[in-house]
file upload-v6.txt (compact mmCIF, N, CA and C atoms)
# COMPACT_ATOMS: atom_id res chain seq x y z
N MET A 26 15.70 7.47 15.14
CA MET A 26 14.46 6.71 15.29
C MET A 26 13.57 6.84 14.05
N ARG A 27 13.71 7.89 13.31
CA ARG A 27 12.86 8.10 12.15
C ARG A 27 13.03 7.01 11.10
N TYR A 28 14.18 6.30 11.11
CA TYR A 28 14.42 5.25 10.13
C TYR A 28 14.08 3.87 10.68
N ASP A 29 13.93 3.75 12.00
CA ASP A 29 13.56 2.48 12.61
C ASP A 29 12.05 2.27 12.57
N VAL A 30 11.31 3.32 12.87
CA VAL A 30 9.85 3.24 12.90
C VAL A 30 9.33 3.11 11.48
N MET A 31 8.44 2.16 11.28
CA MET A 31 7.89 1.89 9.95
C MET A 31 6.41 2.24 9.92
N ARG A 32 5.94 2.56 8.75
CA ARG A 32 4.51 2.74 8.49
C ARG A 32 4.10 1.68 7.48
N VAL A 33 2.99 1.03 7.73
CA VAL A 33 2.44 0.07 6.77
C VAL A 33 1.14 0.67 6.24
N LEU A 34 1.09 0.90 4.94
CA LEU A 34 -0.11 1.38 4.28
C LEU A 34 -0.83 0.20 3.66
N CYS A 35 -2.11 0.12 3.89
CA CYS A 35 -2.94 -0.91 3.28
C CYS A 35 -3.94 -0.20 2.38
N MET A 36 -3.85 -0.50 1.10
CA MET A 36 -4.74 0.10 0.11
C MET A 36 -5.56 -1.03 -0.51
N PHE A 37 -6.87 -0.84 -0.58
CA PHE A 37 -7.69 -1.95 -1.08
C PHE A 37 -8.91 -1.47 -1.85
N ASP A 38 -9.29 -2.30 -2.79
CA ASP A 38 -10.55 -2.18 -3.54
C ASP A 38 -11.21 -3.55 -3.46
N LEU A 39 -12.30 -3.62 -2.75
CA LEU A 39 -13.00 -4.89 -2.59
C LEU A 39 -14.41 -4.77 -3.15
N PRO A 40 -14.87 -5.81 -3.85
CA PRO A 40 -16.23 -5.76 -4.38
C PRO A 40 -17.27 -5.83 -3.26
N VAL A 41 -18.38 -5.16 -3.45
CA VAL A 41 -19.45 -5.15 -2.44
C VAL A 41 -20.81 -5.31 -3.11
N GLU A 42 -20.90 -6.21 -4.08
CA GLU A 42 -22.15 -6.39 -4.81
C GLU A 42 -23.06 -7.43 -4.16
N THR A 43 -22.49 -8.53 -3.70
CA THR A 43 -23.30 -9.57 -3.08
C THR A 43 -23.22 -9.46 -1.55
N ASP A 44 -24.12 -10.14 -0.87
CA ASP A 44 -24.09 -10.13 0.60
C ASP A 44 -22.78 -10.71 1.13
N LYS A 45 -22.29 -11.76 0.47
CA LYS A 45 -21.03 -12.39 0.89
C LYS A 45 -19.86 -11.41 0.74
N GLU A 46 -19.82 -10.69 -0.37
CA GLU A 46 -18.74 -9.71 -0.60
C GLU A 46 -18.82 -8.57 0.41
N LYS A 47 -20.02 -8.12 0.73
CA LYS A 47 -20.18 -7.07 1.73
C LYS A 47 -19.69 -7.54 3.10
N ARG A 48 -20.00 -8.78 3.44
CA ARG A 48 -19.57 -9.36 4.71
C ARG A 48 -18.04 -9.45 4.75
N GLU A 49 -17.42 -9.91 3.65
CA GLU A 49 -15.96 -10.00 3.58
C GLU A 49 -15.32 -8.62 3.70
N TYR A 50 -15.92 -7.62 3.08
CA TYR A 50 -15.42 -6.24 3.16
C TYR A 50 -15.45 -5.75 4.61
N ARG A 51 -16.59 -5.94 5.26
CA ARG A 51 -16.71 -5.50 6.67
C ARG A 51 -15.72 -6.25 7.56
N ASN A 52 -15.58 -7.55 7.36
CA ASN A 52 -14.65 -8.34 8.16
C ASN A 52 -13.20 -7.91 7.94
N PHE A 53 -12.86 -7.58 6.70
CA PHE A 53 -11.49 -7.13 6.43
C PHE A 53 -11.21 -5.80 7.11
N LYS A 54 -12.14 -4.85 6.98
CA LYS A 54 -11.96 -3.55 7.64
C LYS A 54 -11.88 -3.71 9.16
N LYS A 55 -12.70 -4.59 9.72
CA LYS A 55 -12.69 -4.85 11.15
C LYS A 55 -11.33 -5.42 11.57
N LYS A 56 -10.81 -6.34 10.77
CA LYS A 56 -9.49 -6.93 11.05
C LYS A 56 -8.41 -5.86 11.04
N LEU A 57 -8.47 -4.95 10.05
CA LEU A 57 -7.50 -3.86 10.00
C LEU A 57 -7.54 -3.02 11.27
N MET A 58 -8.73 -2.67 11.69
CA MET A 58 -8.87 -1.81 12.87
C MET A 58 -8.43 -2.54 14.14
N LEU A 59 -8.71 -3.83 14.23
CA LEU A 59 -8.25 -4.60 15.38
C LEU A 59 -6.73 -4.69 15.42
N GLU A 60 -6.09 -4.63 14.26
CA GLU A 60 -4.63 -4.65 14.19
C GLU A 60 -4.02 -3.26 14.40
N GLY A 61 -4.85 -2.25 14.62
CA GLY A 61 -4.34 -0.92 14.92
C GLY A 61 -4.25 0.03 13.75
N PHE A 62 -4.81 -0.35 12.61
CA PHE A 62 -4.81 0.55 11.45
C PHE A 62 -5.87 1.64 11.65
N VAL A 63 -5.58 2.82 11.12
CA VAL A 63 -6.55 3.92 11.10
C VAL A 63 -6.70 4.40 9.66
N MET A 64 -7.86 4.94 9.36
CA MET A 64 -8.14 5.39 8.00
C MET A 64 -7.34 6.65 7.69
N LEU A 65 -6.59 6.60 6.59
CA LEU A 65 -5.88 7.76 6.08
C LEU A 65 -6.75 8.46 5.05
N GLN A 66 -7.31 7.68 4.14
CA GLN A 66 -8.28 8.12 3.15
C GLN A 66 -9.20 6.93 2.92
N TYR A 67 -10.26 7.14 2.17
CA TYR A 67 -11.18 6.05 1.89
C TYR A 67 -10.41 4.90 1.24
N SER A 68 -10.52 3.71 1.80
CA SER A 68 -9.85 2.50 1.34
C SER A 68 -8.33 2.56 1.44
N VAL A 69 -7.80 3.48 2.24
CA VAL A 69 -6.37 3.54 2.53
C VAL A 69 -6.23 3.65 4.04
N TYR A 70 -5.63 2.62 4.62
CA TYR A 70 -5.44 2.58 6.07
C TYR A 70 -3.95 2.53 6.37
N ILE A 71 -3.57 3.02 7.54
CA ILE A 71 -2.16 3.11 7.90
C ILE A 71 -1.96 2.69 9.34
N ARG A 72 -0.79 2.11 9.59
CA ARG A 72 -0.45 1.70 10.95
C ARG A 72 1.04 1.95 11.17
N THR A 73 1.37 2.44 12.34
CA THR A 73 2.76 2.65 12.73
C THR A 73 3.28 1.38 13.40
N CYS A 74 4.49 0.99 13.05
CA CYS A 74 5.13 -0.20 13.64
C CYS A 74 6.48 0.23 14.20
N PRO A 75 6.89 -0.32 15.35
CA PRO A 75 8.15 0.11 15.97
C PRO A 75 9.39 -0.28 15.18
N ASN A 76 9.31 -1.32 14.33
CA ASN A 76 10.47 -1.73 13.54
C ASN A 76 10.01 -2.60 12.38
N ARG A 77 10.96 -2.96 11.53
CA ARG A 77 10.65 -3.73 10.33
C ARG A 77 10.18 -5.16 10.66
N GLN A 78 10.75 -5.77 11.70
CA GLN A 78 10.35 -7.13 12.07
C GLN A 78 8.88 -7.17 12.51
N TYR A 79 8.47 -6.18 13.29
CA TYR A 79 7.07 -6.11 13.71
C TYR A 79 6.17 -5.93 12.49
N SER A 80 6.60 -5.09 11.58
CA SER A 80 5.83 -4.84 10.35
C SER A 80 5.65 -6.13 9.55
N GLU A 81 6.70 -6.92 9.45
CA GLU A 81 6.61 -8.17 8.69
C GLU A 81 5.66 -9.16 9.37
N ARG A 82 5.69 -9.24 10.70
CA ARG A 82 4.76 -10.12 11.42
C ARG A 82 3.33 -9.65 11.23
N LEU A 83 3.11 -8.34 11.26
CA LEU A 83 1.79 -7.77 11.04
C LEU A 83 1.27 -8.15 9.65
N GLN A 84 2.11 -8.04 8.66
CA GLN A 84 1.71 -8.36 7.29
C GLN A 84 1.34 -9.84 7.16
N LYS A 85 2.05 -10.71 7.83
CA LYS A 85 1.73 -12.14 7.81
C LYS A 85 0.38 -12.42 8.47
N ARG A 86 0.09 -11.71 9.57
CA ARG A 86 -1.21 -11.89 10.23
C ARG A 86 -2.34 -11.45 9.31
N LEU A 87 -2.15 -10.34 8.61
CA LEU A 87 -3.19 -9.85 7.69
C LEU A 87 -3.41 -10.82 6.54
N ALA A 88 -2.35 -11.45 6.08
CA ALA A 88 -2.45 -12.35 4.92
C ALA A 88 -3.22 -13.63 5.23
N LYS A 89 -3.44 -13.93 6.49
CA LYS A 89 -4.12 -15.18 6.85
C LYS A 89 -5.60 -15.20 6.49
N ASN A 90 -6.29 -14.06 6.57
CA ASN A 90 -7.75 -14.02 6.36
C ASN A 90 -8.12 -12.97 5.32
N LEU A 91 -7.71 -13.20 4.09
CA LEU A 91 -8.01 -12.25 3.03
C LEU A 91 -9.30 -12.61 2.31
N PRO A 92 -10.03 -11.61 1.81
CA PRO A 92 -11.21 -11.89 0.99
C PRO A 92 -10.80 -12.62 -0.28
N VAL A 93 -11.75 -13.34 -0.87
CA VAL A 93 -11.46 -14.13 -2.08
C VAL A 93 -11.20 -13.22 -3.27
N ASN A 94 -12.01 -12.19 -3.43
CA ASN A 94 -11.90 -11.29 -4.59
C ASN A 94 -11.43 -9.91 -4.14
N GLY A 95 -11.02 -9.12 -5.11
CA GLY A 95 -10.63 -7.75 -4.82
C GLY A 95 -9.14 -7.53 -5.02
N ASN A 96 -8.68 -6.39 -4.56
CA ASN A 96 -7.31 -5.98 -4.74
C ASN A 96 -6.84 -5.35 -3.43
N ILE A 97 -5.83 -5.94 -2.81
CA ILE A 97 -5.29 -5.43 -1.54
C ILE A 97 -3.78 -5.30 -1.70
N ARG A 98 -3.26 -4.14 -1.36
CA ARG A 98 -1.82 -3.89 -1.47
C ARG A 98 -1.31 -3.34 -0.14
N LEU A 99 -0.12 -3.79 0.24
CA LEU A 99 0.55 -3.29 1.43
C LEU A 99 1.84 -2.61 1.00
N LEU A 100 2.11 -1.46 1.59
CA LEU A 100 3.33 -0.72 1.30
C LEU A 100 3.98 -0.38 2.63
N GLU A 101 5.25 -0.73 2.76
CA GLU A 101 6.00 -0.48 3.98
C GLU A 101 6.98 0.67 3.71
N ILE A 102 6.88 1.73 4.52
CA ILE A 102 7.78 2.87 4.36
C ILE A 102 8.30 3.28 5.73
N THR A 103 9.39 4.01 5.73
CA THR A 103 9.93 4.50 7.00
C THR A 103 9.14 5.72 7.47
N GLU A 104 9.29 6.02 8.73
CA GLU A 104 8.62 7.21 9.29
C GLU A 104 9.11 8.46 8.58
N LYS A 105 10.40 8.51 8.25
CA LYS A 105 10.97 9.67 7.55
C LYS A 105 10.31 9.83 6.18
N GLN A 106 10.14 8.73 5.45
CA GLN A 106 9.48 8.82 4.14
C GLN A 106 8.05 9.29 4.29
N TYR A 107 7.37 8.82 5.32
CA TYR A 107 5.98 9.23 5.56
C TYR A 107 5.91 10.72 5.86
N GLU A 108 6.85 11.21 6.66
CA GLU A 108 6.87 12.64 6.99
C GLU A 108 7.09 13.51 5.76
N ASP A 109 7.75 12.97 4.74
CA ASP A 109 8.01 13.74 3.52
C ASP A 109 6.80 13.80 2.58
N MET A 110 5.71 13.12 2.92
CA MET A 110 4.51 13.14 2.08
C MET A 110 3.95 14.56 2.04
N LYS A 111 3.56 14.96 0.85
CA LYS A 111 2.98 16.29 0.66
C LYS A 111 1.47 16.19 0.60
N ILE A 112 0.79 17.08 1.30
CA ILE A 112 -0.67 17.17 1.23
C ILE A 112 -0.98 18.31 0.27
N LEU A 113 -1.58 17.98 -0.86
CA LEU A 113 -1.84 18.99 -1.88
C LEU A 113 -3.12 19.76 -1.63
N VAL A 114 -4.14 19.09 -1.12
CA VAL A 114 -5.41 19.74 -0.82
C VAL A 114 -5.88 19.25 0.53
N GLY A 115 -6.34 20.14 1.38
CA GLY A 115 -6.85 19.73 2.68
C GLY A 115 -5.77 19.75 3.74
N THR A 116 -6.07 19.12 4.87
CA THR A 116 -5.14 19.08 5.99
C THR A 116 -5.09 17.66 6.54
N LYS A 117 -4.21 17.43 7.51
CA LYS A 117 -4.14 16.12 8.15
C LYS A 117 -5.44 15.85 8.88
N SER A 118 -5.89 14.60 8.79
CA SER A 118 -7.11 14.21 9.50
C SER A 118 -6.78 14.01 10.98
N LEU A 119 -7.81 13.92 11.79
CA LEU A 119 -7.62 13.66 13.21
C LEU A 119 -6.92 12.34 13.42
N ASN A 120 -7.27 11.32 12.62
CA ASN A 120 -6.61 10.01 12.72
C ASN A 120 -5.11 10.13 12.48
N GLU A 121 -4.71 10.94 11.50
CA GLU A 121 -3.28 11.12 11.22
C GLU A 121 -2.57 11.79 12.39
N LYS A 122 -3.23 12.76 12.99
CA LYS A 122 -2.62 13.47 14.12
C LYS A 122 -2.45 12.54 15.32
N ILE A 123 -3.40 11.62 15.50
CA ILE A 123 -3.34 10.68 16.62
C ILE A 123 -2.31 9.59 16.36
N ALA A 124 -2.24 9.07 15.14
CA ALA A 124 -1.40 7.91 14.81
C ALA A 124 0.00 8.35 14.37
N ASN A 125 0.75 8.96 15.26
CA ASN A 125 2.11 9.36 14.91
C ASN A 125 3.11 8.52 15.68
N ASP A 126 4.38 8.68 15.37
CA ASP A 126 5.40 7.84 15.98
C ASP A 126 5.70 8.23 17.42
N GLU A 127 5.15 9.30 17.91
CA GLU A 127 5.38 9.72 19.29
C GLU A 127 4.67 8.81 20.28
N ARG A 128 3.81 7.91 19.80
CA ARG A 128 3.11 6.96 20.68
C ARG A 128 4.06 5.90 21.20
N PHE A 129 5.21 5.70 20.52
CA PHE A 129 6.13 4.63 20.88
C PHE A 129 7.16 5.11 21.89
N VAL A 130 7.43 4.25 22.86
CA VAL A 130 8.48 4.50 23.84
C VAL A 130 9.56 3.46 23.58
N VAL A 131 10.77 3.92 23.30
CA VAL A 131 11.88 3.01 23.06
C VAL A 131 12.58 2.75 24.39
N ILE A 132 12.64 1.45 24.74
CA ILE A 132 13.25 1.07 26.03
C ILE A 132 14.61 0.47 25.79
call {"tool": "encode", "arguments": {"input": "upload-v6.txt", "output": "structure tokens"}}
result
Amino acid sequence: MRYDVMRVLCMFDLPVETDKEKREYRNFKKKLMLEGFVMLQYSVYIRTCPNRQYSERLQKRLAKNLPVNGNIRLLEITEKQYEDMKILVGTKSLNEKIANDERFVVI
């Protein structure tokens, strides 16, 4: 199962100088959270997906309402690759402890 379950990382830098840019930033973050993403670090959000097909559909939904300016990147990795991540300073956040692959039930 460690190779079936996928993680989608969304990393972004969005401008927040004008009122319109601030509104787009808030709307994008809200969209991420509605899609089940949780904050891993500032401007880095992560979501667990049961398989690659679900991950691809999720990415298409996110691509529909993107802000005009800024930089948004998505990275798809397996659960096994995510588990191999090293934490150099600090510990796992509460969000990381909650958003693990044990939430999924394979039927």
call {"tool": "residues_around", "arguments": {"input": "upload-v6.txt", "residues": "stretch 31-39 of chain A", "least_positions_apart": "4", "cutoff": "7 Å", "atoms": "only C-alpha atoms", "output": "list of chain:residue names"}}
result
A:Tyr50, A:Ser68, A:Val69, A:Tyr70, A:Ile71, A:Arg72, A:Thr73, A:Cys74, A:Pro75, A:Asn76, A:Arg77, A:Ser80, A:Asn94, A:Gly95, A:Asn96, A:Ile97, A:Arg98, A:Leu99, A:Leu100, A:Glu101, A:Ile102, A:Thr103, A:Glu104
call {"tool": "atom_distance", "arguments": {"input": "upload-v6.txt", "atom1": "atom N of A:Arg86", "atom2": "atom C of A:Asp44"}}
result
24.4 Å
call {"tool": "atom_distance", "arguments": {"input": "upload-v6.txt", "atom1": "atom N of A:Val93", "atom2": "atom N of A:Asn52"}}
result
10.8 Å
call {"tool": "atom_distance", "arguments": {"input": "upload-v6.txt", "atom1": "atom N of A:Lys105", "atom2": "atom C of A:Val30"}}
result
6.4 Å
call {"tool": "select_by_dssp", "arguments": {"input": "upload-v6.txt", "residues": "chain A", "states": "alpha helix (DSSP H)", "output": "ChimeraX atom specification"}}
result
/A:44-59,77-88,104-108,119-123
call {"tool": "residues_near_point", "arguments": {"input": "upload-v6.txt", "point": "(-8.4, -7.7, 6.4)", "cutoff": "9 Å", "atoms": "only C-alpha atoms", "output": "PyMOL selection string"}}
result
chain A and resi 49-58+87-92+97
call {"tool": "write_last_selection", "arguments": {"input": "upload-v6.txt", "atoms": "N, CA and C atoms", "output": "mmCIF file, in the frame of the given file"}}
result
data_model
loop_
_atom_site.group_PDB
_atom_site.id
_atom_site.type_symbol
_atom_site.label_atom_id
_atom_site.label_comp_id
_atom_site.auth_asym_id
_atom_site.auth_seq_id
_atom_site.Cartn_x
_atom_site.Cartn_y
_atom_site.Cartn_z
ATOM 1 N N GLU A 49 -17.420 -9.910 3.650
ATOM 2 C CA GLU A 49 -15.960 -10.000 3.580
ATOM 3 C C GLU A 49 -15.320 -8.620 3.700
ATOM 4 N N TYR A 50 -15.920 -7.620 3.080
ATOM 5 C CA TYR A 50 -15.420 -6.240 3.160
ATOM 6 C C TYR A 50 -15.450 -5.750 4.610
ATOM 7 N N ARG A 51 -16.590 -5.940 5.260
ATOM 8 C CA ARG A 51 -16.710 -5.500 6.670
ATOM 9 C C ARG A 51 -15.720 -6.250 7.560
ATOM 10 N N ASN A 52 -15.580 -7.550 7.360
ATOM 11 C CA ASN A 52 -14.650 -8.340 8.160
ATOM 12 C C ASN A 52 -13.200 -7.910 7.940
ATOM 13 N N PHE A 53 -12.860 -7.580 6.700
ATOM 14 C CA PHE A 53 -11.490 -7.130 6.430
ATOM 15 C C PHE A 53 -11.210 -5.800 7.110
ATOM 16 N N LYS A 54 -12.140 -4.850 6.980
ATOM 17 C CA LYS A 54 -11.960 -3.550 7.640
ATOM 18 C C LYS A 54 -11.880 -3.710 9.160
ATOM 19 N N LYS A 55 -12.700 -4.590 9.720
ATOM 20 C CA LYS A 55 -12.690 -4.850 11.150
ATOM 21 C C LYS A 55 -11.330 -5.420 11.570
ATOM 22 N N LYS A 56 -10.810 -6.340 10.770
ATOM 23 C CA LYS A 56 -9.490 -6.930 11.050
ATOM 24 C C LYS A 56 -8.410 -5.860 11.040
ATOM 25 N N LEU A 57 -8.470 -4.950 10.050
ATOM 26 C CA LEU A 57 -7.500 -3.860 10.000
ATOM 27 C C LEU A 57 -7.540 -3.020 11.270
ATOM 28 N N MET A 58 -8.730 -2.670 11.690
ATOM 29 C CA MET A 58 -8.870 -1.810 12.870
ATOM 30 C C MET A 58 -8.430 -2.540 14.140
ATOM 31 N N LEU A 87 -2.150 -10.340 8.610
ATOM 32 C CA LEU A 87 -3.190 -9.850 7.690
ATOM 33 C C LEU A 87 -3.410 -10.820 6.540
ATOM 34 N N ALA A 88 -2.350 -11.450 6.080
ATOM 35 C CA ALA A 88 -2.450 -12.350 4.920
ATOM 36 C C ALA A 88 -3.220 -13.630 5.230
ATOM 37 N N LYS A 89 -3.440 -13.930 6.490
ATOM 38 C CA LYS A 89 -4.120 -15.180 6.850
ATOM 39 C C LYS A 89 -5.600 -15.200 6.490
ATOM 40 N N ASN A 90 -6.290 -14.060 6.570
ATOM 41 C CA ASN A 90 -7.750 -14.020 6.360
ATOM 42 C C ASN A 90 -8.120 -12.970 5.320
ATOM 43 N N LEU A 91 -7.710 -13.200 4.090
ATOM 44 C CA LEU A 91 -8.010 -12.250 3.030
ATOM 45 C C LEU A 91 -9.300 -12.610 2.310
ATOM 46 N N PRO A 92 -10.030 -11.610 1.810
ATOM 47 C CA PRO A 92 -11.210 -11.890 0.990
ATOM 48 C C PRO A 92 -10.800 -12.620 -0.280
ATOM 49 N N ILE A 97 -5.830 -5.940 -2.810
ATOM 50 C CA ILE A 97 -5.290 -5.430 -1.540
ATOM 51 C C ILE A 97 -3.780 -5.300 -1.700
#
call {"tool": "decode", "arguments": {"input": "upload-v6.txt", "residues": "stretch 54-72 of chain A", "atoms": "N, CA, C and O atoms", "output": "PDB file, in the first residue's frame"}}
result
ATOM      1  N   LYS A  54      -5.846  29.584  -0.898  1.00  0.00           N
ATOM      2  CA  LYS A  54      -5.647  28.805   0.328  1.00  0.00           C
ATOM      3  C   LYS A  54      -6.940  28.128   0.768  1.00  0.00           C
ATOM      4  O   LYS A  54      -6.933  26.974   1.198  1.00  0.00           O
ATOM      5  N   LYS A  55      -8.060  28.829   0.647  1.00  0.00           N
ATOM      6  CA  LYS A  55      -9.354  28.267   1.002  1.00  0.00           C
ATOM      7  C   LYS A  55      -9.676  27.063   0.113  1.00  0.00           C
ATOM      8  O   LYS A  55     -10.144  26.033   0.600  1.00  0.00           O
ATOM      9  N   LYS A  56      -9.389  27.193  -1.178  1.00  0.00           N
ATOM     10  CA  LYS A  56      -9.613  26.086  -2.120  1.00  0.00           C
ATOM     11  C   LYS A  56      -8.774  24.873  -1.738  1.00  0.00           C
ATOM     12  O   LYS A  56      -9.249  23.737  -1.748  1.00  0.00           O
ATOM     13  N   LEU A  57      -7.505  25.115  -1.379  1.00  0.00           N
ATOM     14  CA  LEU A  57      -6.645  24.014  -0.949  1.00  0.00           C
ATOM     15  C   LEU A  57      -7.237  23.288   0.252  1.00  0.00           C
ATOM     16  O   LEU A  57      -7.283  22.052   0.287  1.00  0.00           O
ATOM     17  N   MET A  58      -7.675  24.050   1.229  1.00  0.00           N
ATOM     18  CA  MET A  58      -8.208  23.435   2.447  1.00  0.00           C
ATOM     19  C   MET A  58      -9.524  22.700   2.179  1.00  0.00           C
ATOM     20  O   MET A  58      -9.764  21.639   2.750  1.00  0.00           O
ATOM     21  N   LEU A  59     -10.348  23.241   1.296  1.00  0.00           N
ATOM     22  CA  LEU A  59     -11.584  22.552   0.926  1.00  0.00           C
ATOM     23  C   LEU A  59     -11.294  21.239   0.205  1.00  0.00           C
ATOM     24  O   LEU A  59     -12.086  20.291   0.289  1.00  0.00           O
ATOM     25  N   GLU A  60     -10.170  21.173  -0.483  1.00  0.00           N
ATOM     26  CA  GLU A  60      -9.769  19.950  -1.177  1.00  0.00           C
ATOM     27  C   GLU A  60      -9.056  18.966  -0.247  1.00  0.00           C
ATOM     28  O   GLU A  60      -8.644  17.899  -0.671  1.00  0.00           O
ATOM     29  N   GLY A  61      -8.900  19.326   1.022  1.00  0.00           N
ATOM     30  CA  GLY A  61      -8.309  18.404   1.990  1.00  0.00           C
ATOM     31  C   GLY A  61      -6.829  18.581   2.245  1.00  0.00           C
ATOM     32  O   GLY A  61      -6.212  17.753   2.910  1.00  0.00           O
ATOM     33  N   PHE A  62      -6.239  19.652   1.737  1.00  0.00           N
ATOM     34  CA  PHE A  62      -4.825  19.921   1.995  1.00  0.00           C
ATOM     35  C   PHE A  62      -4.658  20.459   3.421  1.00  0.00           C
ATOM     36  O   PHE A  62      -5.525  21.152   3.936  1.00  0.00           O
ATOM     37  N   VAL A  63      -3.527  20.132   4.034  1.00  0.00           N
ATOM     38  CA  VAL A  63      -3.159  20.690   5.334  1.00  0.00           C
ATOM     39  C   VAL A  63      -1.775  21.313   5.211  1.00  0.00           C
ATOM     40  O   VAL A  63      -0.959  20.904   4.376  1.00  0.00           O
ATOM     41  N   MET A  64      -1.523  22.305   6.043  1.00  0.00           N
ATOM     42  CA  MET A  64      -0.246  23.009   5.981  1.00  0.00           C
ATOM     43  C   MET A  64       0.873  22.127   6.521  1.00  0.00           C
ATOM     44  O   MET A  64       0.786  21.596   7.617  1.00  0.00           O
ATOM     45  N   LEU A  65       1.914  21.965   5.714  1.00  0.00           N
ATOM     46  CA  LEU A  65       3.118  21.263   6.133  1.00  0.00           C
ATOM     47  C   LEU A  65       4.118  22.279   6.669  1.00  0.00           C
ATOM     48  O   LEU A  65       4.716  22.099   7.718  1.00  0.00           O
ATOM     49  N   GLN A  66       4.305  23.348   5.930  1.00  0.00           N
ATOM     50  CA  GLN A  66       5.104  24.501   6.314  1.00  0.00           C
ATOM     51  C   GLN A  66       4.444  25.707   5.671  1.00  0.00           C
ATOM     52  O   GLN A  66       3.538  25.550   4.860  1.00  0.00           O
ATOM     53  N   TYR A  67       4.907  26.890   6.002  1.00  0.00           N
ATOM     54  CA  TYR A  67       4.328  28.085   5.425  1.00  0.00           C
ATOM     55  C   TYR A  67       4.422  28.008   3.899  1.00  0.00           C
ATOM     56  O   TYR A  67       5.499  27.773   3.347  1.00  0.00           O
ATOM     57  N   SER A  68       3.306  28.172   3.215  1.00  0.00           N
ATOM     58  CA  SER A  68       3.196  28.105   1.759  1.00  0.00           C
ATOM     59  C   SER A  68       3.525  26.730   1.179  1.00  0.00           C
ATOM     60  O   SER A  68       3.821  26.602   0.002  1.00  0.00           O
ATOM     61  N   VAL A  69       3.487  25.692   2.002  1.00  0.00           N
ATOM     62  CA  VAL A  69       3.633  24.311   1.535  1.00  0.00           C
ATOM     63  C   VAL A  69       2.499  23.514   2.162  1.00  0.00           C
ATOM     64  O   VAL A  69       2.419  23.377   3.382  1.00  0.00           O
ATOM     65  N   TYR A  70       1.619  23.014   1.304  1.00  0.00           N
ATOM     66  CA  TYR A  70       0.471  22.239   1.763  1.00  0.00           C
ATOM     67  C   TYR A  70       0.560  20.834   1.192  1.00  0.00           C
ATOM     68  O   TYR A  70       1.172  20.621   0.139  1.00  0.00           O
ATOM     69  N   ILE A  71      -0.032  19.879   1.888  1.00  0.00           N
ATOM     70  CA  ILE A  71       0.063  18.486   1.473  1.00  0.00           C
ATOM     71  C   ILE A  71      -1.280  17.798   1.619  1.00  0.00           C
ATOM     72  O   ILE A  71      -2.074  18.152   2.500  1.00  0.00           O
ATOM     73  N   ARG A  72      -1.512  16.830   0.737  1.00  0.00           N
ATOM     74  CA  ARG A  72      -2.745  16.057   0.803  1.00  0.00           C
ATOM     75  C   ARG A  72      -2.432  14.617   0.438  1.00  0.00           C
ATOM     76  O   ARG A  72      -1.660  14.337  -0.467  1.00  0.00           O
TER      77      ARG A  72
END
